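This is target_1.pdb (PDB, C-alpha atoms).
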```
ATOM      1  CA  MET A   1     -22.550   7.221  -1.136
ATOM      2  CA  ARG A   2     -19.004   7.659  -2.434
ATOM      3  CA  HIS A   3     -18.151   9.881   0.557
ATOM      4  CA  ALA A   4     -19.476   7.223   2.936
ATOM      5  CA  LEU A   5     -17.288   4.591   1.273
ATOM      6  CA  ALA A   6     -14.269   6.885   1.540
ATOM      7  CA  PHE A   7     -14.935   7.215   5.270
ATOM      8  CA  VAL A   8     -15.030   3.448   5.645
ATOM      9  CA  ASP A   9     -11.758   3.024   3.736
ATOM     10  CA  LEU A  10      -9.566   4.509   6.456
ATOM     11  CA  PRO A  11      -6.929   2.670   8.516
ATOM     12  CA  PRO A  12      -8.696   3.079  11.902
ATOM     13  CA  VAL A  13     -11.865   1.552  10.423
ATOM     14  CA  TRP A  14      -9.860  -1.387   9.023
ATOM     15  CA  LEU A  15      -8.229  -1.770  12.437
ATOM     16  CA  LEU A  16     -11.605  -1.848  14.184
ATOM     17  CA  LEU A  17     -12.909  -4.403  11.670
ATOM     18  CA  HIS A  18      -9.880  -6.628  12.315
ATOM     19  CA  VAL A  19     -10.329  -6.290  16.091
ATOM     20  CA  ALA A  20     -14.016  -7.222  15.662
ATOM     21  CA  VAL A  21     -13.024 -10.336  13.687
ATOM     22  CA  ALA A  22     -10.481 -11.160  16.412
ATOM     23  CA  TYR A  23     -13.281 -10.880  18.974
ATOM     24  CA  VAL A  24     -15.486 -13.268  16.989
ATOM     25  CA  LEU A  25     -12.576 -15.685  16.656
ATOM     26  CA  SER A  26     -11.946 -15.422  20.398
ATOM     27  CA  LEU A  27     -15.379 -16.957  20.942
ATOM     28  CA  VAL A  28     -14.259 -20.183  19.232
ATOM     29  CA  SER A  29     -10.520 -20.014  19.939
ATOM     30  CA  PRO A  30      -9.148 -22.358  22.608
ATOM     31  CA  PRO A  31      -7.772 -20.453  25.607
ATOM     32  CA  VAL A  32      -3.987 -20.617  25.295
ATOM     33  CA  ILE A  33      -2.448 -17.341  26.370
ATOM     34  CA  GLY A  34      -4.118 -16.687  29.728
ATOM     35  CA  THR A  35      -3.702 -13.744  32.096
ATOM     36  CA  ALA A  36      -0.073 -13.053  31.160
ATOM     37  CA  GLY A  37      -1.166 -12.604  27.550
ATOM     38  CA  ALA A  38      -4.032 -10.388  28.640
ATOM     39  CA  SER A  39      -1.652  -8.169  30.609
ATOM     40  CA  LEU A  40       0.808  -8.016  27.719
ATOM     41  CA  GLY A  41      -2.113  -7.298  25.375
ATOM     42  CA  VAL A  42      -3.303  -4.333  27.420
ATOM     43  CA  TRP A  43       0.283  -3.022  27.565
ATOM     44  CA  LEU A  44       0.651  -3.379  23.772
ATOM     45  CA  ILE A  45      -2.666  -1.617  23.145
ATOM     46  CA  GLY A  46      -1.618   1.282  25.385
ATOM     47  CA  SER A  47       1.835   1.439  23.802
ATOM     48  CA  GLY A  48       0.338   1.389  20.306
ATOM     49  CA  ILE A  49      -2.037   4.219  21.145
ATOM     50  CA  LEU A  50       0.828   6.250  22.639
ATOM     51  CA  VAL A  51       3.049   5.732  19.564
ATOM     52  CA  ALA A  52       0.179   6.724  17.255
ATOM     53  CA  LEU A  53      -0.502   9.895  19.255
ATOM     54  CA  LEU A  54       3.175  10.849  19.378
ATOM     55  CA  ALA A  55       3.600  10.267  15.625
ATOM     56  CA  ALA A  56       0.444  12.265  14.865
ATOM     57  CA  ALA A  57       1.711  15.091  17.086
ATOM     58  CA  GLN A  58       5.045  15.026  15.262
ATOM     59  CA  MET A  59       3.217  15.302  11.934
ATOM     60  CA  ALA A  60       1.057  18.147  13.284
ATOM     61  CA  LEU A  61       4.189  20.020  14.390
ATOM     62  CA  ALA A  62       5.553  19.582  10.861
ATOM     63  CA  GLN A  63       2.219  20.930   9.559
ATOM     64  CA  THR A  64       1.535  17.948   7.337
ATOM     65  CA  THR A  65      -1.504  15.730   7.044
ATOM     66  CA  VAL A  66      -2.157  12.478   8.858
ATOM     67  CA  ILE A  67      -5.103  11.766   6.557
ATOM     68  CA  PRO A  68      -4.355   9.070   3.959
ATOM     69  CA  ARG A  69      -4.560  10.005   0.272
ATOM     70  CA  ARG A  70      -3.935  13.687   0.920
ATOM     71  CA  ASP A  71      -0.842  15.384  -0.413
ATOM     72  CA  PRO A  72       1.832  15.926   2.235
ATOM     73  CA  SER A  73       3.158  19.423   2.844
ATOM     74  CA  SER A  74       6.387  18.305   4.494
ATOM     75  CA  LEU A  75       8.508  15.209   5.025
ATOM     76  CA  VAL A  76       9.068  14.038   8.600
ATOM     77  CA  PRO A  77      12.212  11.873   8.621
ATOM     78  CA  SER A  78      13.170  12.333  12.302
ATOM     79  CA  GLY A  79      11.893  11.239  15.696
ATOM     80  CA  LEU A  80       9.640   8.181  15.448
ATOM     81  CA  PHE A  81       9.877   8.456  11.668
ATOM     82  CA  ALA A  82      13.606   7.708  11.883
ATOM     83  CA  LEU A  83      12.668   4.260  13.268
ATOM     84  CA  SER A  84       9.782   3.553  10.906
ATOM     85  CA  ARG A  85       8.519   5.268   7.782
ATOM     86  CA  ASN A  86       5.029   4.375   9.035
ATOM     87  CA  PRO A  87       4.907   4.545  12.841
ATOM     88  CA  ILE A  88       1.142   5.101  12.920
ATOM     89  CA  TYR A  89       0.477   1.999  10.817
ATOM     90  CA  LEU A  90       3.005   0.091  12.915
ATOM     91  CA  SER A  91       1.129   1.209  16.022
ATOM     92  CA  ASP A  92      -2.113  -0.080  14.462
ATOM     93  CA  LEU A  93      -0.441  -3.461  14.021
ATOM     94  CA  ILE A  94       0.763  -3.375  17.646
ATOM     95  CA  ILE A  95      -2.765  -2.508  18.815
ATOM     96  CA  LEU A  96      -4.178  -5.430  16.823
ATOM     97  CA  LEU A  97      -1.607  -7.806  18.326
ATOM     98  CA  GLY A  98      -2.467  -6.452  21.772
ATOM     99  CA  ALA A  99      -6.177  -7.019  21.178
ATOM    100  CA  ILE A 100      -5.549 -10.585  19.998
ATOM    101  CA  LEU A 101      -3.485 -11.333  23.119
ATOM    102  CA  TRP A 102      -5.972  -9.611  25.415
ATOM    103  CA  LEU A 103      -8.841 -11.583  23.869
ATOM    104  CA  ASP A 104      -6.779 -14.809  24.004
ATOM    105  CA  ALA A 105      -7.719 -15.352  20.367
ATOM    106  CA  ILE A 106      -4.906 -17.533  19.071
ATOM    107  CA  LEU A 107      -6.932 -18.280  15.935
ATOM    108  CA  ALA A 108      -6.832 -14.569  15.111
ATOM    109  CA  LEU A 109      -3.030 -14.375  14.777
ATOM    110  CA  PRO A 110      -3.173 -14.664  10.946
ATOM    111  CA  LEU A 111      -5.111 -11.384  10.964
ATOM    112  CA  LEU A 112      -1.803  -9.636  11.666
ATOM    113  CA  ALA A 113      -0.352 -10.631   8.287
ATOM    114  CA  GLY A 114      -3.605  -9.810   6.520
ATOM    115  CA  PHE A 115      -3.828  -6.400   8.180
ATOM    116  CA  ALA A 116      -0.196  -5.577   7.337
ATOM    117  CA  TRP A 117      -0.755  -6.572   3.695
ATOM    118  CA  LEU A 118      -3.987  -4.555   3.481
ATOM    119  CA  ILE A 119      -2.457  -1.420   4.992
ATOM    120  CA  GLN A 120       0.614  -1.676   2.800
ATOM    121  CA  THR A 121      -1.303  -2.178  -0.445
ATOM    122  CA  ARG A 122      -4.201   0.215   0.228
ATOM    123  CA  PHE A 123      -2.328   3.050   1.933
ATOM    124  CA  ILE A 124       1.445   2.844   2.324
ATOM    125  CA  LEU A 125       2.392   2.327  -1.318
ATOM    126  CA  ASP A 126       0.260   5.297  -2.406
ATOM    127  CA  GLU A 127       1.617   7.484   0.393
ATOM    128  CA  GLU A 128       5.196   6.606  -0.467
ATOM    129  CA  ALA A 129       4.550   7.442  -4.122
ATOM    130  CA  ARG A 130       3.149  10.828  -3.061
ATOM    131  CA  LEU A 131       6.151  11.475  -0.824
ATOM    132  CA  ALA A 132       8.594  10.458  -3.565
ATOM    133  CA  ALA A 133       6.856  12.760  -6.049
ATOM    134  CA  ALA A 134       6.779  15.675  -3.629
ATOM    135  CA  PHE A 135      10.206  15.345  -2.023
ATOM    136  CA  GLY A 136      12.283  13.303  -4.511
ATOM    137  CA  PRO A 137      15.878  12.820  -3.325
ATOM    138  CA  GLU A 138      15.023  13.754   0.271
ATOM    139  CA  PHE A 139      12.426  10.949   0.384
ATOM    140  CA  ASP A 140      14.820   8.547  -1.361
ATOM    141  CA  ALA A 141      17.531   9.223   1.246
ATOM    142  CA  TRP A 142      15.081   8.678   4.109
ATOM    143  CA  ALA A 143      13.717   5.485   2.535
ATOM    144  CA  ALA A 144      17.271   4.227   2.004
ATOM    145  CA  ARG A 145      18.080   4.513   5.708
ATOM    146  CA  THR A 146      14.683   3.736   7.318
ATOM    147  CA  ARG A 147      12.640   0.591   6.794
ATOM    148  CA  ARG A 148       8.970   0.769   5.859
ATOM    149  CA  TRP A 149       7.762  -0.968   9.020
ATOM    150  CA  PHE A 150      10.599  -0.816  11.551
ATOM    151  CA  GLY A 151      14.346  -0.403  11.797
ATOM    152  CA  TRP A 152      17.377   1.065  10.130
ATOM    153  CA  ARG A 153      19.171  -0.272   7.101
ATOM    154  CA  SER A 154      22.729  -1.451   7.614
ATOM    155  CA  ASN A 155      23.797   0.111   4.319
ATOM    156  CA  SER A 156      22.002   2.249   1.786
ATOM    157  CA  SER A 157      22.660  -0.105  -1.132
ATOM    158  CA  THR A 158      19.716  -2.288  -0.050
ATOM    159  CA  GLY A 159      17.241   0.013  -1.798
ATOM    160  CA  ALA A 160      13.968   1.493  -0.599
ATOM    161  CA  ALA A 161      11.611  -1.368  -1.336
ATOM    162  CA  ASN A 162      10.779  -2.382   2.236
TER     163      ASN A 162
END
```
With the file now loaded, output its structure as structure tokens.
Amino acid sequence: MRHALAFVDLPPVWLLLHVAVAYVLSLVSPPVIGTAGASLGVWLIGSGILVALLAAAQMALAQTTVIPRRDPSSLVPSGLFALSRNPIYLSDLIILLGAILWLDAILALPLLAGFAWLIQTRFILDEEARLAAAFGPEFDAWAARTRRWFGWRSNSSTGAAN
């Protein structure tokens, strides 16, 4: 039973659950976005999948795990990981946004904030603690220059909190 629960508590499962809730909300949501939103949604879904695959390939080349809650064997601070400390989780958020737009489910937009909070509290904080413990100053330097979700820091005195 515990193994089954561990399987359920994985980011792709949480993403699918959020997309399912977005679908249900699309059934009662007033149509607002239309075909332009649907086209943008499909593009975002495809882009999110591509980013996730590229980030996973980069991690595979570095011979480190993509599985949450496993100890990393190397730090990957370059490529997509120079833009975001969590490009796979960012891609999940992009996929969710794409699904909401594609479904024209305006009532589902708050799911984005809920999903980001869930991923950050259930996965990212633990992963960053593991990386900090394993790679110390190297992780600290990367975190000082790269934001958790997206972007570079203008100066390293801002800390590594976000």
Point to revise | Counting all atoms listed in the file, the residue of A:Leu93, A:Ala143, A:Ala129, A:Ile106 that sits nearest Leu16 in chain A | key: A:Leu93
On this structure, which residues satisfy the PyMOL selection byres ((chain A and resi 48-62) around 9), written as an mmCIF file with C-alpha atoms, keeping the file's coordinate frame?
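part.cif, written as the output of this step:
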```
data_model
loop_
_atom_site.group_PDB
_atom_site.id
_atom_site.type_symbol
_atom_site.label_atom_id
_atom_site.label_comp_id
_atom_site.auth_asym_id
_atom_site.auth_seq_id
_atom_site.Cartn_x
_atom_site.Cartn_y
_atom_site.Cartn_z
ATOM 1 C CA TRP A 43 0.283 -3.022 27.565
ATOM 2 C CA LEU A 44 0.651 -3.379 23.772
ATOM 3 C CA ILE A 45 -2.666 -1.617 23.145
ATOM 4 C CA GLY A 46 -1.618 1.282 25.385
ATOM 5 C CA SER A 47 1.835 1.439 23.802
ATOM 6 C CA GLN A 63 2.219 20.930 9.559
ATOM 7 C CA THR A 64 1.535 17.948 7.337
ATOM 8 C CA THR A 65 -1.504 15.730 7.044
ATOM 9 C CA VAL A 66 -2.157 12.478 8.858
ATOM 10 C CA SER A 73 3.158 19.423 2.844
ATOM 11 C CA SER A 74 6.387 18.305 4.494
ATOM 12 C CA LEU A 75 8.508 15.209 5.025
ATOM 13 C CA VAL A 76 9.068 14.038 8.600
ATOM 14 C CA GLY A 79 11.893 11.239 15.696
ATOM 15 C CA LEU A 80 9.640 8.181 15.448
ATOM 16 C CA PHE A 81 9.877 8.456 11.668
ATOM 17 C CA ASN A 86 5.029 4.375 9.035
ATOM 18 C CA PRO A 87 4.907 4.545 12.841
ATOM 19 C CA ILE A 88 1.142 5.101 12.920
ATOM 20 C CA TYR A 89 0.477 1.999 10.817
ATOM 21 C CA LEU A 90 3.005 0.091 12.915
ATOM 22 C CA SER A 91 1.129 1.209 16.022
ATOM 23 C CA ASP A 92 -2.113 -0.080 14.462
ATOM 24 C CA LEU A 93 -0.441 -3.461 14.021
ATOM 25 C CA ILE A 94 0.763 -3.375 17.646
ATOM 26 C CA ILE A 95 -2.765 -2.508 18.815
ATOM 27 C CA LEU A 96 -4.178 -5.430 16.823
ATOM 28 C CA GLY A 98 -2.467 -6.452 21.772
#
```
**Study point:** One-decimal distance in Å that lies between CA of Leu112 in chain A and CA of Ile100 in chain A
**Key:**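 Separation between CA of Ile100 in chain A and CA of Leu112 in chain A: 9.2 Å.
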Review point. Counting only C-alpha atoms, what is within 8 Å of range 119-128 of chain A, bar same-chain residues fewer than 3 positions away, as a list in words?
Key: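 Neighbouring residues, sequence-local ones excluded: Pro11, Pro68, Arg69, Asn86, Tyr89, Phe115, Ala116, Leu131 and Ala132 of chain A.
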Revision key, fill the gap. re CA of Ala113 in chain A and CA of Ile67 in chain A: distance 23.0 Å
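The two atoms in question, CA of His18 in chain A and CA of Leu83 in chain A, are spaced 25.1 Å apart.
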Point to revise | Option closest in space to Val32 in chain A, from A:Leu97, A:Leu103, A:Leu10, A:Ala82 [counting all atoms listed in the file] | key: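 Looking only at the distances to Val32 in chain A, the closest residue turns out to be A:Leu103.
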Practice item. Go through A:Thr146, A:Ser39, A:Ser26, A:Ser84 one by one, measure the shortest atom-to-atom distance of each to Asp104 in chain A using all atoms listed in the file, and give the residue with the smallest value. Key: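 So, comparing all the options, the nearest one is A:Ser26.
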Please write as a compact mmCIF listing (two decimals) with C-alpha atoms, in the coordinates of the input the list of polymer residues whose atoms come within 10 Å of (-6.3, -8.2, 31.0), counting all atoms listed in the file and keeping to the coordinates of the file.
```txt
# COMPACT_ATOMS: atom_id res chain seq x y z
CA GLY A 34 -4.12 -16.69 29.73
CA THR A 35 -3.70 -13.74 32.10
CA ALA A 36 -0.07 -13.05 31.16
CA GLY A 37 -1.17 -12.60 27.55
CA ALA A 38 -4.03 -10.39 28.64
CA SER A 39 -1.65 -8.17 30.61
CA LEU A 40 0.81 -8.02 27.72
CA GLY A 41 -2.11 -7.30 25.38
CA VAL A 42 -3.30 -4.33 27.42
CA TRP A 43 0.28 -3.02 27.56
CA ALA A 99 -6.18 -7.02 21.18
CA LEU A 101 -3.48 -11.33 23.12
CA TRP A 102 -5.97 -9.61 25.42
CA LEU A 103 -8.84 -11.58 23.87
CA ASP A 104 -6.78 -14.81 24.00
```
Exercise for review: Using only C-alpha atoms, pick whichever of A:Val13, A:Leu111, A:Leu118, A:Ala134 has the shortest atom-to-atom distance to Asp71 in chain A.
Suggested key: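 Nearest to Asp71 in chain A: A:Ala134.
Closest approach to Tyr23 in chain A from the set A:Arg147, A:Arg130, A:Leu109, A:Val8 is made by A:Leu109, with distances taken over only C-alpha atoms.
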Review point. A:Val24, A:Pro72, A:Ala141, A:Trp149: which is nearest Arg85 in chain A, counting all atoms listed in the file?
Key: A:Trp149
Please write out, as AutoDock Vina command-line options, where the centre of an axis-aligned box around all listed atoms of range 109-119 of chain A lies and how long its edges are, in Å to one decimal, after adding 4 Å on each side.
```
--center_x -2.7 --center_y -8.0 --center_z 9.1 --size_x 12.9 --size_y 21.2 --size_z 19.3
```
**Study point:** Evaluate the PyMOL selection byres ((chain A and resi 29) around 8) and report residues as a list in words
**Key:**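 On this input, the PyMOL selection byres ((chain A and resi 29) around 8) captures Leu25, Ser26, Leu27, Val28, Pro30, Pro31, Asp104, Ala105, Ile106 and Leu107 of chain A.
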